[in-house]
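Heads up: the structure comes next, in structure tokens.
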Amino acid sequence: MKFILPITILALLGCQSAKKDDAVVESSGSMGAVSSPVNMAVEEVSGPQAGDELEPIYFKYDSSKVEGNAFAILKQNAMDLKKNGATTVQIEGHCDPRGSDEYNFHLGEKRASAAKSALVKMGIEPSRIKIISYGKDKVEGHSEALYAKSRRASFVYLQ
């Protein structure tokens, strides 16, 4: 029993170490302590990752017509997709909360389809584009300004 306390103390002292920079490893040789950077294998991430988003486009109330600055946004999104040729994107159609669930589901689908058609006309392969409608499930808020933000097609990378 009298050996347990000293052994415990020695074990605890042996586990303690001075705080070191994560990128430095100390080694001792005949010349004393030498610090050198750790050769860490860092996987460089290039291109978009699943869940990254492109710029959304917005629609007028009760409309699935692509118009106004939506064309410029779609053109930029198409350029990004062409640059990242191995990626797939999901276009999500959204609506404001006015109207029935069924109506908004179909309107959201029309919005996503309209955005997909525009991207296909800009040279994006249809097989790289998935569509889904959220209808009014993801409303931004309850004011006219937030309703306008809810009437959109969002673009989310899948792979």
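Residues in the structure tokens are numbered from 1 in each chain, the chains being A, B, ... in the order shown, and ligands are numbered from 1 in the order shown.
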At a cut-off of 12 Å, using only C-alpha atoms, what residues contact segment 70-87 of chain A? Leave out same-chain residues fewer than 5 positions from it and give the result as an NGL selection string. :A and (46-60 or 64-65 or 111 or 114-130 or 152-159)
Select, from A:Gly68, A:Asp62, A:Asp96, A:Glu102, the residue with the minimum atom-to-atom distance to Glu140 of chain A, counting only C-alpha atoms.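 Once distances to Glu140 of chain A are computed over only C-alpha atoms, the minimum belongs to A:Asp96.
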Please compute the atom CA of Phe105 of chain A-atom CA of Thr88 of chain A distance, one decimal, in Å. 22.6 Å
If we count only C-alpha atoms and set the cut-off at 9 Å, which residues sit around His142 of chain A, ignoring sequence neighbours fewer than 3 positions away in its own chain? Please answer as an MDAnalysis selection string. chainID A and resid 96:97 139 145:147
With only C-alpha atoms as the counted atoms, please give the residues lying no more than 12 Å from Gly99 of chain A, apart from itself and same-chain residues fewer than 5 positions off, as a list in words.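 These residues fall inside the cut-off: Tyr61, Asp62, Asn104, Phe105, His106, Leu107, Gly108, Gly135 and Lys136 of chain A.
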Mind writing the picked residues with N, CA and C atoms as an mmCIF file, in the first residue's frame?
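Final output, saved to selection.cif:
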```cif
data_model
loop_
_atom_site.group_PDB
_atom_site.id
_atom_site.type_symbol
_atom_site.label_atom_id
_atom_site.label_comp_id
_atom_site.auth_asym_id
_atom_site.auth_seq_id
_atom_site.Cartn_x
_atom_site.Cartn_y
_atom_site.Cartn_z
ATOM 1 N N TYR A 61 -44.014 36.586 -57.564
ATOM 2 C CA TYR A 61 -45.112 35.888 -56.911
ATOM 3 C C TYR A 61 -45.891 35.056 -57.919
ATOM 4 N N ASP A 62 -46.163 33.806 -57.568
ATOM 5 C CA ASP A 62 -46.973 32.884 -58.349
ATOM 6 C C ASP A 62 -46.420 32.659 -59.755
ATOM 7 N N ASN A 104 -48.065 24.757 -53.865
ATOM 8 C CA ASN A 104 -46.692 25.229 -53.708
ATOM 9 C C ASN A 104 -45.672 24.151 -54.033
ATOM 10 N N PHE A 105 -46.011 22.901 -53.766
ATOM 11 C CA PHE A 105 -45.107 21.819 -54.150
ATOM 12 C C PHE A 105 -44.921 21.812 -55.667
ATOM 13 N N HIS A 106 -46.025 21.930 -56.410
ATOM 14 C CA HIS A 106 -45.941 21.928 -57.878
ATOM 15 C C HIS A 106 -45.255 23.190 -58.409
ATOM 16 N N LEU A 107 -45.514 24.322 -57.785
ATOM 17 C CA LEU A 107 -44.859 25.559 -58.199
ATOM 18 C C LEU A 107 -43.353 25.481 -57.950
ATOM 19 N N GLY A 108 -42.950 24.941 -56.815
ATOM 20 C CA GLY A 108 -41.527 24.763 -56.527
ATOM 21 C C GLY A 108 -40.867 23.848 -57.547
ATOM 22 N N GLY A 135 -41.529 23.200 -51.911
ATOM 23 C CA GLY A 135 -42.764 23.958 -51.750
ATOM 24 C C GLY A 135 -42.568 25.070 -50.747
ATOM 25 N N LYS A 136 -43.417 25.096 -49.728
ATOM 26 C CA LYS A 136 -43.309 26.143 -48.708
ATOM 27 C C LYS A 136 -42.704 25.610 -47.404
#
```
When you draw a straight line from atom CA of Lys149 of chain A to atom CA of Ser133 of chain A, how long is it in Å?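 These atoms are spaced 15.6 Å apart.
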I'd like to know which of A:Tyr103, A:His94, A:Asn69, A:Val89 is closest to Tyr134 of chain A, using only C-alpha atoms.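 Using only C-alpha atoms, the shortest distance to Tyr134 of chain A belongs to A:His94.
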